Every structure is written in structure tokens, then in C-alpha cells.
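What follows is a short report on a single structure.
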Amino acid sequence: MTTVGFIGLGTIGQPMALNLARAVPELVVWNRTTTRSEPLRAAGARVAATSAEVFVLAQVVILMLADAAAADQVLDGAHLDGRTVVHMGTISPADSLRLDATVRAGGGAYVEAPVSGSRVPAERGELIAMLAGETDVVENVRPLLAPMCRETHVCGPVPDALTMKLATNIFMLSTVVGLVEAFHFAARNGLDLTTLRAIADSGQMASSISRVKSAKLLDRDFSLQAGAADVLKNIRLMSDAARAAGASGPLTETMHRLLEETVAAGHGTEDFIALLHVLEAPRT
Ligand SMILES: NC(=O)c1ccc[n+]([C@@H]2O[C@H](COP(=O)([O-])OP(=O)(O)OC[C@H]3O[C@@H](n4cnc5c(N)ncnc54)[C@H](OP(=O)(O)O)[C@@H]3O)[C@@H](O)[C@H]2O)c1
């Protein structure tokens with residue numbers, strides 16, 4: 001019987017781990033801020049005292065941490081021999097290659113499994129995972145992701161899943177940024193925003209994310225679903241990866257500038273549709 005470990009019980013990690021707790025016989029979790037582990041304890045998971053203890057107890061360890069620096073800290077000194085590390089956070093492809101080398105050097109196996117989705121799809125077990133790594137290890141890990149993910153797509157060797165995740169981010173973020181600009185344009189032209197929402201929600205361009213964001217834009221509800229600071233981190237990864245591949249990225253460059261202005265204006269902890277404030281600010 002495989003004991004599964006889960007490290008990183010943040011905005012998206014906590015609902016993912018709760019779904020896993022309901023599905024696997026033995027789950028051991030750890031989070032730096034200990035109070036965030038309590039819902040997992042209540043769901044029957046074992047709460048480890050340290051991240052190192054998770055690697056002792058579990059054969060497969062899922063990491064859902066903020067960034068690569070957090071993963072470095074957790075892997076530092078961890079018992080990696082015979083362990084499979086499943087990295088689900090969004091980091092740069094270069095950092096993921098480095099983590100892969102660290103885990104292999106310690107005698108373990110490494111799988112990339114970044115996800116598309118946010119807290120609500122995570123609560124519903126409806127994330128989309130992109131997988132990369134050695135084929136046999138990826139196939140072993142795949143069933144484990146089923147309680148958290150509606151679909152899993154194998155993308156190739158490390159770091160192709162993370163690069164794929166960045167590609168899908170261009171599509172998702174430009175959809176939402178376009179919607180924000182449409183609301184701003186309509187408002188400045190004196191149009192009825194309720195009618196704009198109805199048209200946007202029913203036309204060919206409607207999607208689950210555009211419907212969620214159009215409701216928020218209509219209500220000027222900037223409460224957090226995907227935080228502007230985290231989106232800016234992801235756009236930086238997209239910009240760097242585009243530059244490294246010699247790919248043109250005009251939309252990414254524009255979104256990069258807009259999100260930098262959004263965070264600099266103090267909206268980093270709000271949902272990234274708060275970039276509406278930047279569009280509304282007087283131009284100098
Ligand atoms: N939220 C989304 O919609 C979404 C969607 C797709 C992908 N992602 C990606 O998934 C990852 C997690 O996202 P999130 O929204 O859950 O972020 P979050 O709410 O900020 O949670 C980050 C997690 O990392 C932990 N952490 C940060 N620094 C640490 C360190 N030095 N040592 C140990 N633990 C550390 C935090 O622990 P504490 O609780 O102690 O702070 C927390 O558990 C990110 O890479 C993000 O880009 C997020």
C-alpha cells in the first residue's frame with residue numbers, strides 16, 4: 001500500500017489535498033503554517049511535524065508550493081531515495097529541470113504535474129493536469145491524480161508539462177484581459193454593462209472562466225480567485241520562456257506591463273481583474 005504525502009496546503013493545495021484524503025487510504029500532509037493542516041487532520045490525514053517526516057513516511061510526495069525556492073527548501077535534506085516527487089506548482093521550466101536533477105541525484109523519481117484551474121475547480125476535483133517525466137513513472141502517478149483532476153494530459157519529458165502550462169496560460173490570461181478591456185470600453189462608451197455581460201456569456205466567446213469573470217466585473221467584485229501577484233509571477237515565467245525560445249510574445253508583453261502596474265498600484269492580493277483600475281486610471 002502506497003502512503004501518499006502532500007506538502008503545501010495553500011489556496012489551491014488545501015482543496016486538492018482534501019479530495020485526495022477522501023480517496024487514498026493513507027495521506028500524510030505538512031504545511032509551513034500549521035493551522036492550515038487542521039482541515040486535513042479533520043478529514044483523516046496524518047499531519048507530519050516537519051516536511052522531512054513526510055518523505056520518511058510516504059513513497060509518493062506531492063508538492064503544491066508557491067515557487068521553486070519553497071520547493072528547494074522542502075527538498076533540502078529530504079529522504080529522496082526510492083521516493084517519487086510530483087511537482088504540481090507553477091515554476092519555470094529551467095527550475096523544474098534543476099529540481100528533477102536534485103531528486104534523481106538523491107535516488108528518487110520526478111514528475112511534473114502543473115495544473116490548469118483555480119480554487120473552485122480544485123474543490124470540485126476538476127483541475128486539468130499536464131504531466132511530464134519518464135513514461136513508466138508518469139503512468140504510475142496518473143491514477144493518483146484522478147481525485148483532484150478531471151483530465152490528465154501527458155506532454156513528454158521534463159520540462160514539457162510546465163512549458164505547456166505556460167502556453168495554456170497565454171490563452172486563458174488573454175481571454176480574461178480582453179474581457180476586462182471590453183467592460184472598460186463599454187463603460188466609457190456609456191453602454192449597459194448588464195447587456196454586455198449577457199452577450200458575452202451567451203456568444204461564441206463564452207467559457208467557464210469568462211462567465212465567472214464577467215459576473216465579477218459587473219459587480220466590481222475584486223475578491224481573490226487568482227491573485228494579481230501570482231498571475232504576474234506566471235506572466236514573468238511566460239515572458240522568460242518566450243524569450244528563451246525566440247517566440248514572439250506581443251500579448252504576453254502587454255499583459256506583463258498591465259499586471260506590473262496593477263501590483264505596483266497595490267492590487268497584488270486582489271483578483272487579477274483588478275487590472276481594470278489600471279485601465280481606468282487617468283493617462284499622463
Ligand atoms: N491558485 C490558483 O488558482 C492556481 C492555479 C494553478 C496553479 N497554481 C500554482 O500552484 C502553486 C500554489 O498556489 P496557491 O494559490 O495555493 O499559492 P498560496 O496560496 O500562496 O500557497 C502557497 C503554499 O506554499 C507554501 N510556502 C510558500 N513558501 C514556502 C516555504 N519557503 N517553505 C514551505 N512552504 C512554503 C505556503 O505555506 P504557508 O501556508 O505557510 O504560507 C502555502 O502552502 C503556485 O505555484 C501557483 O502558481 C495556482
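Here's how to read the names in the C-alpha cells: chain A, B, ... by the order shown, residue numbers from 1 in each chain, ligand numbers from 1 in the order shown.
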Can you list every residue in range 22-233 of chain A that DSSP puts in strand (DSSP E), as an mmCIF file with all heavy atoms, in the first residue's frame?
data_model
loop_
_atom_site.group_PDB
_atom_site.id
_atom_site.type_symbol
_atom_site.label_atom_id
_atom_site.label_comp_id
_atom_site.auth_asym_id
_atom_site.auth_seq_id
_atom_site.Cartn_x
_atom_site.Cartn_y
_atom_site.Cartn_z
ATOM 1 N N LEU A 27 -2.821 9.255 3.867
ATOM 2 C CA LEU A 27 -2.287 10.540 3.398
ATOM 3 C C LEU A 27 -1.578 11.217 4.558
ATOM 4 O O LEU A 27 -2.122 11.304 5.668
ATOM 5 C CB LEU A 27 -3.424 11.435 2.884
ATOM 6 C CG LEU A 27 -2.998 12.805 2.336
ATOM 7 C CD1 LEU A 27 -2.237 12.645 1.000
ATOM 8 C CD2 LEU A 27 -4.207 13.718 2.122
ATOM 9 N N VAL A 28 -0.362 11.695 4.295
ATOM 10 C CA VAL A 28 0.366 12.452 5.315
ATOM 11 C C VAL A 28 0.667 13.830 4.741
ATOM 12 O O VAL A 28 1.118 13.937 3.594
ATOM 13 C CB VAL A 28 1.633 11.700 5.809
ATOM 14 C CG1 VAL A 28 2.530 11.277 4.670
ATOM 15 C CG2 VAL A 28 2.424 12.535 6.801
ATOM 16 N N VAL A 29 0.354 14.877 5.510
ATOM 17 C CA VAL A 29 0.470 16.239 4.981
ATOM 18 C C VAL A 29 1.381 17.078 5.855
ATOM 19 O O VAL A 29 1.603 16.785 7.034
ATOM 20 C CB VAL A 29 -0.918 16.926 4.883
ATOM 21 C CG1 VAL A 29 -1.869 16.131 4.011
ATOM 22 C CG2 VAL A 29 -1.524 17.169 6.268
ATOM 23 N N TRP A 30 1.891 18.166 5.259
ATOM 24 C CA TRP A 30 2.633 19.177 6.028
ATOM 25 C C TRP A 30 2.442 20.530 5.372
ATOM 26 O O TRP A 30 2.376 20.622 4.137
ATOM 27 C CB TRP A 30 4.141 18.855 6.064
ATOM 28 C CG TRP A 30 4.926 19.886 6.854
ATOM 29 C CD1 TRP A 30 5.073 19.939 8.212
ATOM 30 C CD2 TRP A 30 5.640 21.005 6.334
ATOM 31 N NE1 TRP A 30 5.837 21.026 8.566
ATOM 32 C CE2 TRP A 30 6.202 21.697 7.432
ATOM 33 C CE3 TRP A 30 5.871 21.512 5.054
ATOM 34 C CZ2 TRP A 30 6.970 22.852 7.289
ATOM 35 C CZ3 TRP A 30 6.631 22.662 4.910
ATOM 36 C CH2 TRP A 30 7.185 23.322 6.015
ATOM 37 N N ARG A 46 -2.890 12.208 8.270
ATOM 38 C CA ARG A 46 -1.892 12.339 9.335
ATOM 39 C C ARG A 46 -1.138 13.651 9.093
ATOM 40 O O ARG A 46 -0.781 13.959 7.953
ATOM 41 C CB ARG A 46 -0.938 11.146 9.253
ATOM 42 C CG ARG A 46 0.194 11.190 10.249
ATOM 43 C CD ARG A 46 0.919 9.859 10.245
ATOM 44 N NE ARG A 46 2.065 9.906 11.130
ATOM 45 C CZ ARG A 46 2.799 8.857 11.453
ATOM 46 N NH1 ARG A 46 2.500 7.665 10.954
ATOM 47 N NH2 ARG A 46 3.827 8.969 12.271
ATOM 48 N N VAL A 47 -0.900 14.425 10.147
ATOM 49 C CA VAL A 47 -0.188 15.697 9.988
ATOM 50 C C VAL A 47 1.243 15.504 10.493
ATOM 51 O O VAL A 47 1.459 15.201 11.666
ATOM 52 C CB VAL A 47 -0.898 16.836 10.756
ATOM 53 C CG1 VAL A 47 -0.106 18.135 10.630
ATOM 54 C CG2 VAL A 47 -2.329 17.021 10.237
ATOM 55 N N VAL A 60 5.221 8.407 -2.305
ATOM 56 C CA VAL A 60 4.968 9.420 -3.336
ATOM 57 C C VAL A 60 4.643 10.731 -2.617
ATOM 58 O O VAL A 60 3.774 10.747 -1.743
ATOM 59 C CB VAL A 60 3.778 9.018 -4.234
ATOM 60 C CG1 VAL A 60 3.492 10.091 -5.284
ATOM 61 C CG2 VAL A 60 4.039 7.676 -4.903
ATOM 62 N N VAL A 61 5.359 11.796 -2.969
ATOM 63 C CA VAL A 61 5.152 13.084 -2.283
ATOM 64 C C VAL A 61 4.782 14.154 -3.304
ATOM 65 O O VAL A 61 5.541 14.425 -4.242
ATOM 66 C CB VAL A 61 6.413 13.519 -1.498
ATOM 67 C CG1 VAL A 61 6.155 14.857 -0.804
ATOM 68 C CG2 VAL A 61 6.826 12.451 -0.487
ATOM 69 N N ILE A 62 3.604 14.733 -3.108
ATOM 70 C CA ILE A 62 3.119 15.810 -3.981
ATOM 71 C C ILE A 62 3.526 17.154 -3.381
ATOM 72 O O ILE A 62 3.327 17.391 -2.181
ATOM 73 C CB ILE A 62 1.579 15.726 -4.119
ATOM 74 C CG1 ILE A 62 1.199 14.430 -4.843
ATOM 75 C CG2 ILE A 62 1.024 16.954 -4.844
ATOM 76 C CD1 ILE A 62 -0.296 14.130 -4.851
ATOM 77 N N LEU A 63 4.094 18.027 -4.220
ATOM 78 C CA LEU A 63 4.444 19.380 -3.774
ATOM 79 C C LEU A 63 3.530 20.381 -4.464
ATOM 80 O O LEU A 63 3.442 20.398 -5.697
ATOM 81 C CB LEU A 63 5.902 19.723 -4.127
ATOM 82 C CG LEU A 63 7.004 18.786 -3.626
ATOM 83 C CD1 LEU A 63 8.380 19.346 -3.991
ATOM 84 C CD2 LEU A 63 6.914 18.590 -2.111
ATOM 85 N N THR A 84 8.999 9.124 -5.118
ATOM 86 C CA THR A 84 8.575 9.822 -6.328
ATOM 87 C C THR A 84 8.051 11.184 -5.914
ATOM 88 O O THR A 84 7.136 11.275 -5.082
ATOM 89 C CB THR A 84 7.471 9.037 -7.070
ATOM 90 O OG1 THR A 84 8.002 7.767 -7.462
ATOM 91 C CG2 THR A 84 6.996 9.787 -8.301
ATOM 92 N N VAL A 85 8.653 12.228 -6.469
ATOM 93 C CA VAL A 85 8.229 13.599 -6.172
ATOM 94 C C VAL A 85 7.367 14.096 -7.332
ATOM 95 O O VAL A 85 7.802 14.073 -8.490
ATOM 96 C CB VAL A 85 9.454 14.529 -5.974
ATOM 97 C CG1 VAL A 85 9.011 15.977 -5.784
ATOM 98 C CG2 VAL A 85 10.292 14.057 -4.783
ATOM 99 N N VAL A 86 6.144 14.509 -7.002
ATOM 100 C CA VAL A 86 5.216 15.013 -8.025
ATOM 101 C C VAL A 86 5.081 16.519 -7.808
ATOM 102 O O VAL A 86 4.480 16.965 -6.826
ATOM 103 C CB VAL A 86 3.836 14.330 -7.916
ATOM 104 C CG1 VAL A 86 2.917 14.797 -9.040
ATOM 105 C CG2 VAL A 86 3.986 12.812 -7.923
ATOM 106 N N HIS A 87 5.658 17.297 -8.711
ATOM 107 C CA HIS A 87 5.681 18.751 -8.546
ATOM 108 C C HIS A 87 4.513 19.368 -9.301
ATOM 109 O O HIS A 87 4.498 19.371 -10.531
ATOM 110 C CB HIS A 87 7.010 19.322 -9.044
ATOM 111 C CG HIS A 87 7.164 20.743 -8.632
ATOM 112 N ND1 HIS A 87 6.531 21.769 -9.281
ATOM 113 C CD2 HIS A 87 7.830 21.301 -7.602
ATOM 114 C CE1 HIS A 87 6.803 22.901 -8.657
ATOM 115 N NE2 HIS A 87 7.601 22.642 -7.640
ATOM 116 N N ALA A 109 12.536 9.657 -8.144
ATOM 117 C CA ALA A 109 11.999 9.920 -9.482
ATOM 118 C C ALA A 109 11.162 11.192 -9.409
ATOM 119 O O ALA A 109 10.584 11.514 -8.358
ATOM 120 C CB ALA A 109 11.132 8.751 -9.938
ATOM 121 N N TYR A 110 11.088 11.904 -10.530
ATOM 122 C CA TYR A 110 10.448 13.233 -10.546
ATOM 123 C C TYR A 110 9.420 13.314 -11.659
ATOM 124 O O TYR A 110 9.687 12.901 -12.787
ATOM 125 C CB TYR A 110 11.537 14.284 -10.762
ATOM 126 C CG TYR A 110 11.071 15.725 -10.810
ATOM 127 C CD1 TYR A 110 10.881 16.467 -9.648
ATOM 128 C CD2 TYR A 110 10.864 16.361 -12.031
ATOM 129 C CE1 TYR A 110 10.485 17.802 -9.692
ATOM 130 C CE2 TYR A 110 10.474 17.696 -12.082
ATOM 131 C CZ TYR A 110 10.289 18.405 -10.905
ATOM 132 O OH TYR A 110 9.903 19.731 -10.959
ATOM 133 N N VAL A 111 8.252 13.812 -11.307
ATOM 134 C CA VAL A 111 7.197 14.031 -12.306
ATOM 135 C C VAL A 111 6.715 15.470 -12.177
ATOM 136 O O VAL A 111 6.464 15.949 -11.071
ATOM 137 C CB VAL A 111 6.009 13.063 -12.081
ATOM 138 C CG1 VAL A 111 4.842 13.403 -12.997
ATOM 139 C CG2 VAL A 111 6.441 11.622 -12.305
ATOM 140 N N GLU A 112 6.599 16.133 -13.307
ATOM 141 C CA GLU A 112 5.970 17.463 -13.340
ATOM 142 C C GLU A 112 4.484 17.251 -13.542
ATOM 143 O O GLU A 112 4.084 16.487 -14.422
ATOM 144 C CB GLU A 112 6.423 18.217 -14.591
ATOM 145 C CG GLU A 112 7.613 19.066 -14.445
ATOM 146 C CD GLU A 112 7.950 19.714 -15.797
ATOM 147 O OE1 GLU A 112 7.261 19.488 -16.817
ATOM 148 O OE2 GLU A 112 8.945 20.426 -15.825
ATOM 149 N N VAL A 115 -1.046 22.347 -13.018
ATOM 150 C CA VAL A 115 -2.486 22.254 -13.300
ATOM 151 C C VAL A 115 -3.047 23.545 -13.869
ATOM 152 O O VAL A 115 -2.552 24.635 -13.587
ATOM 153 C CB VAL A 115 -3.286 21.877 -12.029
ATOM 154 C CG1 VAL A 115 -2.986 20.454 -11.613
ATOM 155 C CG2 VAL A 115 -3.032 22.858 -10.882
ATOM 156 N N SER A 116 -4.085 23.370 -14.652
ATOM 157 C CA SER A 116 -4.882 24.484 -15.139
ATOM 158 C C SER A 116 -6.175 24.457 -14.337
ATOM 159 O O SER A 116 -6.782 23.399 -14.164
ATOM 160 C CB SER A 116 -5.138 24.261 -16.631
ATOM 161 O OG SER A 116 -5.786 25.363 -17.167
ATOM 162 N N LEU A 127 -9.585 19.871 -11.907
ATOM 163 C CA LEU A 127 -8.407 20.506 -12.498
ATOM 164 C C LEU A 127 -7.986 19.738 -13.749
ATOM 165 O O LEU A 127 -8.371 18.573 -13.930
ATOM 166 C CB LEU A 127 -7.254 20.515 -11.481
ATOM 167 C CG LEU A 127 -7.514 21.353 -10.215
ATOM 168 C CD1 LEU A 127 -6.465 21.057 -9.154
ATOM 169 C CD2 LEU A 127 -7.528 22.843 -10.561
ATOM 170 N N ILE A 128 -7.209 20.400 -14.604
ATOM 171 C CA ILE A 128 -6.615 19.736 -15.760
ATOM 172 C C ILE A 128 -5.107 19.678 -15.489
ATOM 173 O O ILE A 128 -4.476 20.724 -15.299
ATOM 174 C CB ILE A 128 -6.845 20.543 -17.071
ATOM 175 C CG1 ILE A 128 -8.313 20.917 -17.244
ATOM 176 C CG2 ILE A 128 -6.302 19.774 -18.274
ATOM 177 C CD1 ILE A 128 -9.250 19.775 -17.468
ATOM 178 N N ALA A 129 -4.556 18.468 -15.441
ATOM 179 C CA ALA A 129 -3.119 18.332 -15.148
ATOM 180 C C ALA A 129 -2.339 18.036 -16.419
ATOM 181 O O ALA A 129 -2.814 17.321 -17.306
ATOM 182 C CB ALA A 129 -2.887 17.216 -14.131
ATOM 183 N N MET A 130 -1.152 18.613 -16.501
ATOM 184 C CA MET A 130 -0.217 18.332 -17.589
ATOM 185 C C MET A 130 0.957 17.560 -16.976
ATOM 186 O O MET A 130 1.481 17.986 -15.945
ATOM 187 C CB MET A 130 0.245 19.653 -18.216
ATOM 188 C CG MET A 130 -0.879 20.334 -18.994
ATOM 189 S SD MET A 130 -0.828 22.142 -18.937
ATOM 190 C CE MET A 130 -1.890 22.460 -17.517
ATOM 191 N N LEU A 131 1.317 16.440 -17.584
ATOM 192 C CA LEU A 131 2.310 15.555 -16.973
ATOM 193 C C LEU A 131 3.563 15.454 -17.820
ATOM 194 O O LEU A 131 3.488 15.362 -19.052
ATOM 195 C CB LEU A 131 1.736 14.146 -16.811
ATOM 196 C CG LEU A 131 0.508 14.023 -15.922
ATOM 197 C CD1 LEU A 131 -0.060 12.610 -15.979
ATOM 198 C CD2 LEU A 131 0.863 14.352 -14.497
ATOM 199 N N ALA A 132 4.724 15.421 -17.147
ATOM 200 C CA ALA A 132 5.981 15.168 -17.850
ATOM 201 C C ALA A 132 6.918 14.384 -16.946
ATOM 202 O O ALA A 132 6.920 14.559 -15.730
ATOM 203 C CB ALA A 132 6.635 16.479 -18.279
ATOM 204 N N CYS A 149 -8.201 15.780 -10.405
ATOM 205 C CA CYS A 149 -8.170 16.300 -11.779
ATOM 206 C C CYS A 149 -9.214 15.615 -12.654
ATOM 207 O O CYS A 149 -9.354 14.393 -12.628
ATOM 208 C CB CYS A 149 -6.791 16.059 -12.397
ATOM 209 S SG CYS A 149 -5.464 16.846 -11.460
ATOM 210 N N ARG A 150 -9.897 16.421 -13.451
ATOM 211 C CA ARG A 150 -10.876 15.873 -14.409
ATOM 212 C C ARG A 150 -10.150 15.224 -15.579
ATOM 213 O O ARG A 150 -10.605 14.240 -16.142
ATOM 214 C CB ARG A 150 -11.776 17.015 -14.890
ATOM 215 C CG ARG A 150 -12.785 16.655 -15.941
ATOM 216 C CD ARG A 150 -13.933 17.653 -15.973
ATOM 217 N NE ARG A 150 -13.532 19.050 -16.080
ATOM 218 C CZ ARG A 150 -13.255 19.665 -17.239
ATOM 219 N NH1 ARG A 150 -13.315 19.022 -18.370
ATOM 220 N NH2 ARG A 150 -12.925 20.940 -17.247
ATOM 221 N N GLU A 151 -9.009 15.800 -15.958
ATOM 222 C CA GLU A 151 -8.239 15.261 -17.096
ATOM 223 C C GLU A 151 -6.760 15.334 -16.784
ATOM 224 O O GLU A 151 -6.300 16.234 -16.078
ATOM 225 C CB GLU A 151 -8.490 16.093 -18.366
ATOM 226 C CG GLU A 151 -9.857 15.905 -18.965
ATOM 227 C CD GLU A 151 -10.054 16.780 -20.201
ATOM 228 O OE1 GLU A 151 -9.071 17.047 -20.923
ATOM 229 O OE2 GLU A 151 -11.201 17.193 -20.425
ATOM 230 N N THR A 152 -6.010 14.365 -17.336
ATOM 231 C CA THR A 152 -4.541 14.431 -17.267
ATOM 232 C C THR A 152 -4.011 14.261 -18.683
ATOM 233 O O THR A 152 -4.466 13.384 -19.419
ATOM 234 C CB THR A 152 -3.963 13.329 -16.360
ATOM 235 O OG1 THR A 152 -4.485 12.058 -16.786
ATOM 236 C CG2 THR A 152 -4.314 13.537 -14.899
ATOM 237 N N HIS A 153 -3.068 15.117 -19.069
ATOM 238 C CA HIS A 153 -2.503 15.064 -20.422
ATOM 239 C C HIS A 153 -0.990 14.874 -20.331
ATOM 240 O O HIS A 153 -0.312 15.677 -19.676
ATOM 241 C CB HIS A 153 -2.808 16.356 -21.189
ATOM 242 C CG HIS A 153 -4.270 16.539 -21.455
ATOM 243 N ND1 HIS A 153 -4.877 16.030 -22.577
ATOM 244 C CD2 HIS A 153 -5.243 17.141 -20.726
ATOM 245 C CE1 HIS A 153 -6.177 16.333 -22.543
ATOM 246 N NE2 HIS A 153 -6.416 16.995 -21.430
ATOM 247 N N VAL A 154 -0.490 13.831 -20.962
ATOM 248 C CA VAL A 154 0.950 13.577 -20.956
ATOM 249 C C VAL A 154 1.599 14.441 -22.041
ATOM 250 O O VAL A 154 1.159 14.432 -23.201
ATOM 251 C CB VAL A 154 1.249 12.080 -21.188
ATOM 252 C CG1 VAL A 154 2.751 11.832 -21.218
ATOM 253 C CG2 VAL A 154 0.594 11.239 -20.094
ATOM 254 N N CYS A 155 2.621 15.205 -21.650
ATOM 255 C CA CYS A 155 3.205 16.200 -22.564
ATOM 256 C C CYS A 155 4.594 15.820 -23.052
ATOM 257 O O CYS A 155 5.116 16.453 -23.975
ATOM 258 C CB CYS A 155 3.275 17.557 -21.873
ATOM 259 S SG CYS A 155 1.654 18.151 -21.356
ATOM 260 N N GLY A 156 5.266 14.827 -22.438
ATOM 261 C CA GLY A 156 6.612 14.454 -22.871
ATOM 262 C C GLY A 156 7.571 14.462 -21.704
ATOM 263 O O GLY A 156 7.159 14.315 -20.543
#
Counting only C-alpha atoms and all ligand atoms, give me one row per residue of chain A with an atom at most 7 Å from an atom of ligand 1, showing the shortest contact pair and its distance in Å to one decimal, sorted by chain then residue number, as a tab-separated table.
residue	atom	partner	partner_atom_place_in_ligand_line	distance
A:Gly8	CA	ligand 1	43 (O)	3.5
A:Leu9	CA	ligand 1	43 (O)	4.1
A:Gly10	CA	ligand 1	21 (O)	3.4
A:Thr11	CA	ligand 1	19 (O)	3.7
A:Ile12	CA	ligand 1	16 (O)	3.9
A:Gly13	CA	ligand 1	16 (O)	4.9
A:Asn31	CA	ligand 1	43 (O)	5.5
A:Arg32	CA	ligand 1	40 (O)	3.9
A:Thr33	CA	ligand 1	40 (O)	3.7
A:Arg36	CA	ligand 1	39 (O)	6.4
A:Met64	CA	ligand 1	12 (C)	5.2
A:Leu65	CA	ligand 1	24 (O)	3.6
A:Ala66	CA	ligand 1	22 (C)	4.0
A:Asp67	CA	ligand 1	45 (O)	5.1
A:Ala69	CA	ligand 1	31 (N)	6.4
A:Ala70	CA	ligand 1	31 (N)	3.9
A:Gln73	CA	ligand 1	32 (N)	6.0
A:Val74	CA	ligand 1	33 (C)	6.3
A:Met88	CA	ligand 1	10 (O)	6.6
A:Gly89	CA	ligand 1	45 (O)	3.7
A:Thr90	CA	ligand 1	45 (O)	3.8
A:Ile91	CA	ligand 1	45 (O)	6.1
A:Pro114	CA	ligand 1	7 (C)	6.6
A:Val115	CA	ligand 1	6 (C)	5.2
A:Ser116	CA	ligand 1	6 (C)	5.2
A:Gly117	CA	ligand 1	5 (C)	5.1
A:Ser118	CA	ligand 1	3 (O)	3.2
A:Arg119	CA	ligand 1	3 (O)	5.3
A:Gln225	CA	ligand 1	3 (O)	6.4
A:Ala226	CA	ligand 1	3 (O)	4.9
A:Asp230	CA	ligand 1	47 (O)	5.9
A:Asn234	CA	ligand 1	47 (O)	6.6
Mind listing the helix (DSSP H, G or I) residues of range 140-201 of chain A, per DSSP on the backbone, as a count of residues only?
44
Name all residues at most 6 Å from range 133-148 of chain A (count only C-alpha atoms; drop same-chain ones fewer than 5 positions away) and give them as a list in words.
Met16, Asn19, Leu20, Val111, Gly125, Pro157 and Val158 of chain A
Can you pull out the residues contacting Ile170 in chain A? Cut-off 8 Å, using only C-alpha atoms, and skip same-chain residues under 6 positions away; I want them as a PyMOL selection string.
chain A and resi 238+251-252
Find the distance between CA of Val278 in chain A and CA of Gly227 in chain A and write it in Å to one decimal.
15.4 Å
Record the distance separating CA of His184 in chain A and CA of Lys216 in chain A, expressed in Å with one decimal.
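CA of Lys216 in chain A lies at a distance of 13.2 Å from CA of His184 in chain A.
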Between A:Ser214, A:Thr284, A:Asn189, A:Ser174, which one has atoms that come closest to Asp201 in chain A, using only C-alpha atoms?
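Using only C-alpha atoms, the shortest distance to Asp201 in chain A belongs to A:Ser214.
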Give me the residues near Glu260 in chain A as a list in words, where near means some atom within 9 Å (using only C-alpha atoms) and where sequence neighbours in that chain fewer than 5 positions away do not count.
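So the residues in contact are Ala228, Ala229, Leu232, Met255 and Ala265 of chain A.
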Would you output that residue set with all heavy atoms, as a CSV table (one decimal), in the first residue's frame?
chain,number,residue,atom,x,y,z
A,228,ALA,N,-3.5,38.8,-8.4
A,228,ALA,CA,-2.7,39.6,-9.4
A,228,ALA,C,-1.2,39.3,-9.2
A,228,ALA,O,-0.5,39.2,-10.2
A,228,ALA,CB,-3.0,41.1,-9.2
A,229,ALA,N,-0.7,39.2,-8.0
A,229,ALA,CA,0.7,39.0,-7.8
A,229,ALA,C,1.1,37.6,-8.3
A,229,ALA,O,2.2,37.4,-9.0
A,229,ALA,CB,1.1,39.1,-6.3
A,232,LEU,N,1.1,37.7,-12.1
A,232,LEU,CA,2.3,38.4,-12.5
A,232,LEU,C,3.5,37.5,-12.5
A,232,LEU,O,4.3,37.5,-13.5
A,232,LEU,CB,2.6,39.7,-11.7
A,232,LEU,CG,3.9,40.4,-12.0
A,232,LEU,CD1,3.9,40.9,-13.4
A,232,LEU,CD2,4.1,41.6,-11.0
A,255,MET,N,0.4,42.2,-21.4
A,255,MET,CA,-0.2,41.7,-20.1
A,255,MET,C,0.8,41.9,-19.0
A,255,MET,O,0.5,42.2,-17.8
A,255,MET,CB,-0.6,40.3,-20.2
A,255,MET,CG,-1.8,40.1,-21.2
A,255,MET,SD,-2.6,38.4,-21.1
A,255,MET,CE,-1.3,37.4,-21.8
A,265,ALA,N,0.3,49.3,-8.1
A,265,ALA,CA,-0.8,50.2,-7.6
A,265,ALA,C,-1.4,49.6,-6.3
A,265,ALA,O,-2.4,50.2,-5.8
A,265,ALA,CB,-1.8,50.4,-8.7
Separation of CA of Ala182 in chain A from CA of Phe222 in chain A, in Å and rounded to one decimal
16.5 Å
Please provide the set of residues having any atom within 8 Å of Leu18 in chain A, restricted to only C-alpha atoms, with same-chain residues fewer than 4 positions apart removed, written as a list in words.
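Close residues of Leu18 in chain A: Gln14, Arg22, Pro39, Leu40 and Ala43 of chain A.
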Which residue out of A:Ala52, A:Ala187, A:Val180, A:Ala242 has the minimum interatomic distance to Leu217 in chain A when only C-alpha atoms are used?
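Smallest separation from Leu217 in chain A among the options: A:Val180.
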Measuring atom to atom with only C-alpha atoms, identify which of A:Ala17, A:Val231, A:Leu224, A:Ile273 is nearest to Arg124 in chain A.
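Looking only at the distances to Arg124 in chain A, the closest residue turns out to be A:Ala17.
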Just checking: using only C-alpha atoms, which residue out of A:Pro15, A:Ala71, A:Ala198, A:Ser92 ends up closest to Ala122 in chain A?
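Going through A:Pro15, A:Ala71, A:Ala198, A:Ser92 one by one, the smallest distance to Ala122 in chain A is for A:Pro15.
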